[in-house]
Structure formats: structure tokens, C-alpha cells
Amino acid sequence: MATLSALATTWPDPNSSAAAFLSDPTDDNPTSVVDSSDDNHDPQSPPNPNSDHNLHNNMPFSSSPPESPPPAPRSPPSLFHVCFNQDQACFAVGTDHGFRIYNCDPFRELFRRDFDNGGGIGVVEMLFRCNILAIVGGGPDPQYPTSKVMIWDDHQGRCIGELSFRSVVRSVRLRRDRIVVVLEQKIFVYNFADLKLLHQIETIANPKGLCAVSQVVGSLVLVCPGLQKGQVRVEHYGSKRTKFIMAHDSRLACFALTPDGQLLATASNKGTLVRIFNTLDGTLLQEVRRGADRAEIYSLAFSSTAQWLAVSSDKGTVHVFNLKVNSGSSNENPRSASDPNLAVSSSNSSLSFIRGVLPKYFSSEWSVAQFRLLEGSQYIVAFGHQKNTVVILGMDGSFYRCEFDPVTRGEMTQLEYHNFVKPEEAF
């Protein structure tokens, strides 16, 4: 059971001007993008972030109190959490004494909060480039209880609300109209505007907090583990339909959803195959092979047009696969078999007459591009905003931006590397 505690005089609407989006660090005259105005804005709420006095040195997440003198240099923090925001333009990091927000392209630290008492943060969930964050304590000395979701408003520089539970919060997912909280065996869906509980979902044991939500306005699709091993549950809230997909024989390790919620990629704890499903009817559309040996899949990511799928695992290699299915949001025409990007498809067809004889391994679809990393380290991957690029984040603080060639294929080219936990001068 969850309990709610509102700590603010008014609750912010993430679609209103009270929740300004981060400025583009490449723009010399940043402006805030808002979806709608709030005619009933309370005078005690944070000042309008679009006003000049809030654009402090053109830095996003600016707050009104003056900055204190730079603190003494610290040793590199321990990382508890790394994740991209909804459009992969930024990423958030939870450390043993706070959290940080970074921009991906160009790479840049946008903002950090180091708590005075040095408390750890185990979950940081962004809402696009909004000043509203969901955070959960983590590590041996958590800043907040691990059973609470704290709603942080950085215009006020404090928590403005909390959701309390009876067990550990495994993950949080945000939309502009929903807050989704994932526990070990239950998921709670809340309305963002008033934190009203809308839905509860029972799941099989879910220690990784697996959950994905669509981001297209007005088309809420939620994906989570079902009640059976290897089963995926898909909630289509618009049509009020629930679809169960038996994705794998073994337990789920990872899954990803396209922004429109139409395509789902899944991997099991075997880590050899990745399957792509249509969420509307549960049809298996494609199956690709990461490798022959077992592996732990850390992340799956669709490109914006669903033409590519990226996979990272504990084997130390990031793979990019060519998908033959496009999400409904894509404006690209269906690709023909003459497309050079689909050469692997024709090679598979040539083996079709002996698929019943040879092991499935020989007729598998393999990745078109790879990038080698340190084996055993944990990395997550997303597609960059530049064409044919991927961004890779490591729990060791590494940031890679790489480019792949869909024609020549093979090894990706490293374009950029940074270590975002390396001690740097205060900014």
C-alpha cells in the first residue's frame, strides 16, 4: 500500500510553465519549451522559469539561492544508478552523495546536487528536460528511504512530495501525465497532476524493476513482467486492453519499447536472442542473435525510426541490429530486399531450405555493427541524435559516442570519450 505526502503548497503541472525544460547548451539564447500555460498558477509556486532573472548564466536547472563557495575537491563518487531520459538527449547519475544531470551531444555536465550529509541516490528518473525529477535513496547510506519516491523540483531546490511504500522501490518511470512506481512484485500507476492512484498491477518477482512506458501524448502503453516466467504483460490504456506475450522460456532480463508503444524488444536471462514483437497483437516480428554464449543483457534501445536496435551485455560488446519492421511513428517507406542494409536477410533466405536440418544458430540474424568494451563492466546504450551514432554509458563513469556504417558494417568508430566521474574543477 502506498501513502502520499505533499510537501508543496501547490503541485506542479509538468506540462505548464512551472516546469520549464532545460535549455539547449548549444543555443546562445536558450528558451524554454512549454506545452501549455497554467492560468491558476499559485503565487507561492516557483517563479516563471522563462523570465530573465531565472536564466542564471544561461545554465539550466538554475535556482534562486546564491551559489556557495566551491567545495573542497572530492574523491570520485561511487555510482549507484545511470539512465537516459526519455529522448536520450540527457542522462542522470545517482551517486553516493547526490545526483548529476548531463547532456549527451555535446557532452556536458548540466547540473549536480551534492547533499550535505552525503546521502546516496539509487534511482534518478528525469522527465525529458524538465525541472521535475523522481529520486529514490540508495547505497549503504541512502539520502532518503529506499521505500519512498521523492518528487524533486529543482526550481525550489527541494522535494515537493513523496510516495511511500511498504517495500523497496525498484524503479520509477515518468510521463508528462503519469508516474509509474515499480516494486518487487507490484506496479503502481499514478496521475501526475494530482498523484491519484489509477492502477495496480501484480507481477512475478521483478528485482530489476523492469518496466517501460510509451511517451507519445495520448497513447499510454505500459509493459511489465507478467505472472509467469518469460511472460510480458502489455497494458493499452487507450483501448483498455491487456495483452500477454510469452516472449521467452526463461526469465526476462531486459526489454525496450518504442516511443509510440507499438514495438517491443525483449531478452531473457540466457542473453543469446532478442525478439521483437508487435504489442497490439503479440506477433513475433523478428528475432536476432547477440551470440552463442550466455550473457547478461544490460540494455536494449530502439532508434527513433525503429530501423535499428542496440544491445549491450556483460560480454563487453555493443551490437547494432538492422530491423525489418518500422514503428507506426516512422515516416520511412518499407525497405525492400534490394536494400544493402538487408543483405543479412537474403543470406538467411538462402539457408531456409535447410533450417529444419541445421541448428537454429546457422540461420540467425547477426548484428551489422559492434563496439568492443571492457568485458564484465556494466554499460547501457542509446542512439545518438546524429545519424548512425550510439551513446554508451558505463557504471565506471565512461561515456562513449560511436558511429556505425550500415553499408560497410563491422566495428564502429569511436568519436568521443569522457569519464564523467573523474574529479574536475567546480563549474
# chains A, B, ... in the order shown; residues from 1 in each chain; ligands from 1
>>> select_by_dssp(residues="segment 155-380 of chain A", states="alpha helix (DSSP H)", output="JSON, numbers by chain")
{"A": [343, 344, 345, 346, 347, 348, 349, 350]}
>>> write_last_selection(atoms="all heavy atoms", output="short mmCIF file (atom, residue, chain, number, x, y, z; two decimals), in the first residue's frame")
data_model
loop_
_atom_site.label_atom_id
_atom_site.label_comp_id
_atom_site.auth_asym_id
_atom_site.auth_seq_id
_atom_site.Cartn_x
_atom_site.Cartn_y
_atom_site.Cartn_z
N ALA A 343 21.20 -7.18 -46.46
CA ALA A 343 21.94 -8.29 -47.05
C ALA A 343 21.85 -9.53 -46.18
O ALA A 343 21.79 -10.66 -46.67
CB ALA A 343 23.40 -7.88 -47.24
N VAL A 344 21.81 -9.32 -44.87
CA VAL A 344 21.72 -10.46 -43.97
C VAL A 344 20.42 -11.22 -44.19
O VAL A 344 20.35 -12.43 -44.02
CB VAL A 344 21.85 -10.00 -42.50
CG1 VAL A 344 20.67 -9.16 -42.10
CG2 VAL A 344 21.97 -11.21 -41.58
N SER A 345 19.36 -10.47 -44.62
CA SER A 345 18.08 -11.12 -44.86
C SER A 345 18.16 -12.12 -46.01
O SER A 345 17.65 -13.22 -45.92
CB SER A 345 17.01 -10.06 -45.15
OG SER A 345 15.81 -10.65 -45.49
N SER A 346 18.84 -11.70 -47.11
CA SER A 346 18.93 -12.59 -48.25
C SER A 346 19.77 -13.81 -47.94
O SER A 346 19.50 -14.91 -48.41
CB SER A 346 19.51 -11.83 -49.45
OG SER A 346 20.80 -11.33 -49.14
N SER A 347 20.82 -13.62 -47.11
CA SER A 347 21.64 -14.76 -46.75
C SER A 347 20.86 -15.75 -45.91
O SER A 347 21.04 -16.96 -46.00
CB SER A 347 22.89 -14.29 -45.99
OG SER A 347 22.54 -13.71 -44.77
N ASN A 348 19.94 -15.20 -45.08
CA ASN A 348 19.09 -16.09 -44.29
C ASN A 348 18.16 -16.89 -45.19
O ASN A 348 17.89 -18.07 -44.97
CB ASN A 348 18.27 -15.28 -43.28
CG ASN A 348 19.12 -14.77 -42.15
OD1 ASN A 348 20.20 -15.30 -41.91
ND2 ASN A 348 18.64 -13.75 -41.47
N SER A 349 17.65 -16.21 -46.24
CA SER A 349 16.72 -16.88 -47.13
C SER A 349 17.39 -18.05 -47.85
O SER A 349 16.77 -19.06 -48.12
CB SER A 349 16.18 -15.88 -48.16
OG SER A 349 15.48 -14.85 -47.51
N SER A 350 18.69 -17.88 -48.17
CA SER A 350 19.39 -18.94 -48.88
C SER A 350 19.53 -20.19 -48.04
O SER A 350 19.77 -21.27 -48.56
CB SER A 350 20.78 -18.44 -49.31
OG SER A 350 21.57 -18.17 -48.17
#
>>> residues_around(residues="Asp396 of chain A", least_positions_apart="2", cutoff="10 Å", atoms="only C-alpha atoms", output="JSON list (two decimals) with N, CA, C and O atoms, in the first residue's frame")
[["chain", "number", "residue", "atom", "x", "y", "z"],
["A", 78, "SER", "N", 31.02, 7.06, -5.93],
["A", 78, "SER", "CA", 30.56, 5.73, -6.31],
["A", 78, "SER", "C", 29.23, 5.88, -7.03],
["A", 78, "SER", "O", 28.36, 6.64, -6.60],
["A", 79, "LEU", "N", 29.07, 5.18, -8.14],
["A", 79, "LEU", "CA", 27.84, 5.28, -8.92],
["A", 79, "LEU", "C", 26.88, 4.17, -8.53],
["A", 79, "LEU", "O", 27.26, 3.01, -8.45],
["A", 377, "SER", "N", 32.16, -5.18, -17.24],
["A", 377, "SER", "CA", 31.64, -3.90, -16.77],
["A", 377, "SER", "C", 30.20, -3.74, -17.26],
["A", 377, "SER", "O", 29.79, -4.36, -18.24],
["A", 378, "GLN", "N", 29.44, -2.90, -16.59],
["A", 378, "GLN", "CA", 28.03, -2.71, -16.94],
["A", 378, "GLN", "C", 27.86, -1.44, -17.76],
["A", 378, "GLN", "O", 28.26, -0.36, -17.34],
["A", 379, "TYR", "N", 27.27, -1.58, -18.94],
["A", 379, "TYR", "CA", 27.05, -0.46, -19.84],
["A", 379, "TYR", "C", 25.60, -0.44, -20.31],
["A", 379, "TYR", "O", 24.97, -1.50, -20.45],
["A", 393, "LEU", "N", 27.01, 4.45, -21.98],
["A", 393, "LEU", "CA", 27.34, 4.90, -20.62],
["A", 393, "LEU", "C", 27.74, 3.71, -19.79],
["A", 393, "LEU", "O", 27.10, 2.65, -19.84],
["A", 394, "GLY", "N", 28.80, 3.88, -18.99],
["A", 394, "GLY", "CA", 29.27, 2.80, -18.14],
["A", 394, "GLY", "C", 29.14, 3.13, -16.67],
["A", 394, "GLY", "O", 29.22, 4.30, -16.26],
["A", 398, "SER", "N", 32.27, 5.92, -17.68],
["A", 398, "SER", "CA", 32.70, 6.15, -19.06],
["A", 398, "SER", "C", 31.55, 6.58, -19.95],
["A", 398, "SER", "O", 30.41, 6.13, -19.79],
["A", 399, "PHE", "N", 31.86, 7.47, -20.86],
["A", 399, "PHE", "CA", 30.92, 7.98, -21.86],
["A", 399, "PHE", "C", 31.56, 7.81, -23.23],
["A", 399, "PHE", "O", 32.65, 8.33, -23.49],
["A", 419, "ASN", "N", 35.15, 10.65, -19.08],
["A", 419, "ASN", "CA", 34.85, 9.99, -17.81],
["A", 419, "ASN", "C", 34.12, 10.99, -16.93],
["A", 419, "ASN", "O", 34.70, 11.98, -16.49],
["A", 420, "PHE", "N", 32.83, 10.76, -16.72],
["A", 420, "PHE", "CA", 32.01, 11.77, -16.04],
["A", 420, "PHE", "C", 32.09, 11.69, -14.52],
["A", 420, "PHE", "O", 31.42, 12.48, -13.84],
["A", 421, "VAL", "N", 32.87, 10.78, -13.96],
["A", 421, "VAL", "CA", 33.05, 10.78, -12.51],
["A", 421, "VAL", "C", 34.45, 11.22, -12.13],
["A", 421, "VAL", "O", 34.78, 11.30, -10.94],
["A", 422, "LYS", "N", 35.28, 11.51, -13.11],
["A", 422, "LYS", "CA", 36.62, 11.98, -12.82],
["A", 422, "LYS", "C", 36.55, 13.34, -12.16],
["A", 422, "LYS", "O", 35.82, 14.23, -12.61]]
>>> closest_residue(among="A:Val320, A:Leu198, A:Val391, A:Val124", to="Ala369 of chain A", atoms="only C-alpha atoms")
A:Val320
>>> residues_around(residues="Phe80 of chain A", least_positions_apart="6", cutoff="8 Å", atoms="only C-alpha atoms", output="CSV table (one decimal) with all heavy atoms, in the first residue's frame")
chain,number,residue,atom,x,y,z
A,93,VAL,N,22.6,10.5,-13.2
A,93,VAL,CA,23.5,9.7,-12.5
A,93,VAL,C,23.2,9.8,-11.0
A,93,VAL,O,23.2,10.9,-10.5
A,93,VAL,CB,25.0,10.1,-12.7
A,93,VAL,CG1,25.9,9.2,-11.9
A,93,VAL,CG2,25.3,9.9,-14.2
A,94,GLY,N,23.0,8.7,-10.3
A,94,GLY,CA,22.9,8.7,-8.9
A,94,GLY,C,24.2,8.2,-8.2
A,94,GLY,O,24.8,7.2,-8.7
A,95,THR,N,24.7,9.0,-7.2
A,95,THR,CA,26.0,8.7,-6.6
A,95,THR,C,25.8,8.5,-5.1
A,95,THR,O,24.7,8.5,-4.6
A,95,THR,CB,27.0,9.8,-6.8
A,95,THR,OG1,26.6,11.0,-6.0
A,95,THR,CG2,26.9,10.3,-8.3
A,96,ASP,N,26.9,8.3,-4.4
A,96,ASP,CA,26.9,8.0,-3.0
A,96,ASP,C,26.7,9.3,-2.2
A,96,ASP,O,26.5,9.2,-1.0
A,96,ASP,CB,28.1,7.3,-2.5
A,96,ASP,CG,29.4,8.1,-2.9
A,96,ASP,OD1,29.3,9.1,-3.7
A,96,ASP,OD2,30.5,7.6,-2.5
A,120,GLY,N,23.2,8.7,-0.3
A,120,GLY,CA,23.2,8.1,-1.6
A,120,GLY,C,21.9,8.1,-2.3
A,120,GLY,O,20.8,8.1,-1.7
A,121,ILE,N,21.9,8.2,-3.7
A,121,ILE,CA,20.7,8.2,-4.5
A,121,ILE,C,20.8,7.0,-5.4
A,121,ILE,O,21.8,6.8,-6.2
A,121,ILE,CB,20.6,9.5,-5.4
A,121,ILE,CG1,20.5,10.7,-4.4
A,121,ILE,CG2,19.4,9.4,-6.3
A,121,ILE,CD1,19.2,10.7,-3.6
A,122,GLY,N,19.8,6.1,-5.3
A,122,GLY,CA,19.8,4.8,-6.1
A,122,GLY,C,19.0,4.9,-7.4
A,122,GLY,O,19.2,4.0,-8.2
A,123,VAL,N,18.1,5.8,-7.5
A,123,VAL,CA,17.3,6.0,-8.7
A,123,VAL,C,17.1,7.5,-9.0
A,123,VAL,O,16.8,8.3,-8.1
A,123,VAL,CB,15.9,5.4,-8.5
A,123,VAL,CG1,15.0,5.7,-9.7
A,123,VAL,CG2,16.0,3.8,-8.4
A,138,GLY,N,19.6,5.3,-2.1
A,138,GLY,CA,20.3,4.1,-2.5
A,138,GLY,C,21.6,4.0,-1.8
A,138,GLY,O,22.1,5.0,-1.2
A,139,GLY,N,22.2,2.8,-1.9
A,139,GLY,CA,23.5,2.6,-1.3
A,139,GLY,C,23.5,2.3,0.2
A,139,GLY,O,22.4,2.2,0.8
A,395,MET,N,28.9,2.1,-15.9
A,395,MET,CA,28.9,2.3,-14.4
A,395,MET,C,30.3,2.6,-13.8
A,395,MET,O,30.4,2.9,-12.7
A,395,MET,CB,28.3,1.1,-13.7
A,395,MET,CG,26.8,0.9,-13.9
A,395,MET,SD,25.8,2.2,-13.2
A,395,MET,CE,26.1,1.9,-11.4
>>> closest_residue(among="A:Gly230, A:Gly376, A:Pro207, A:Pro259", to="Glu296 of chain A", atoms="only C-alpha atoms")
A:Gly376
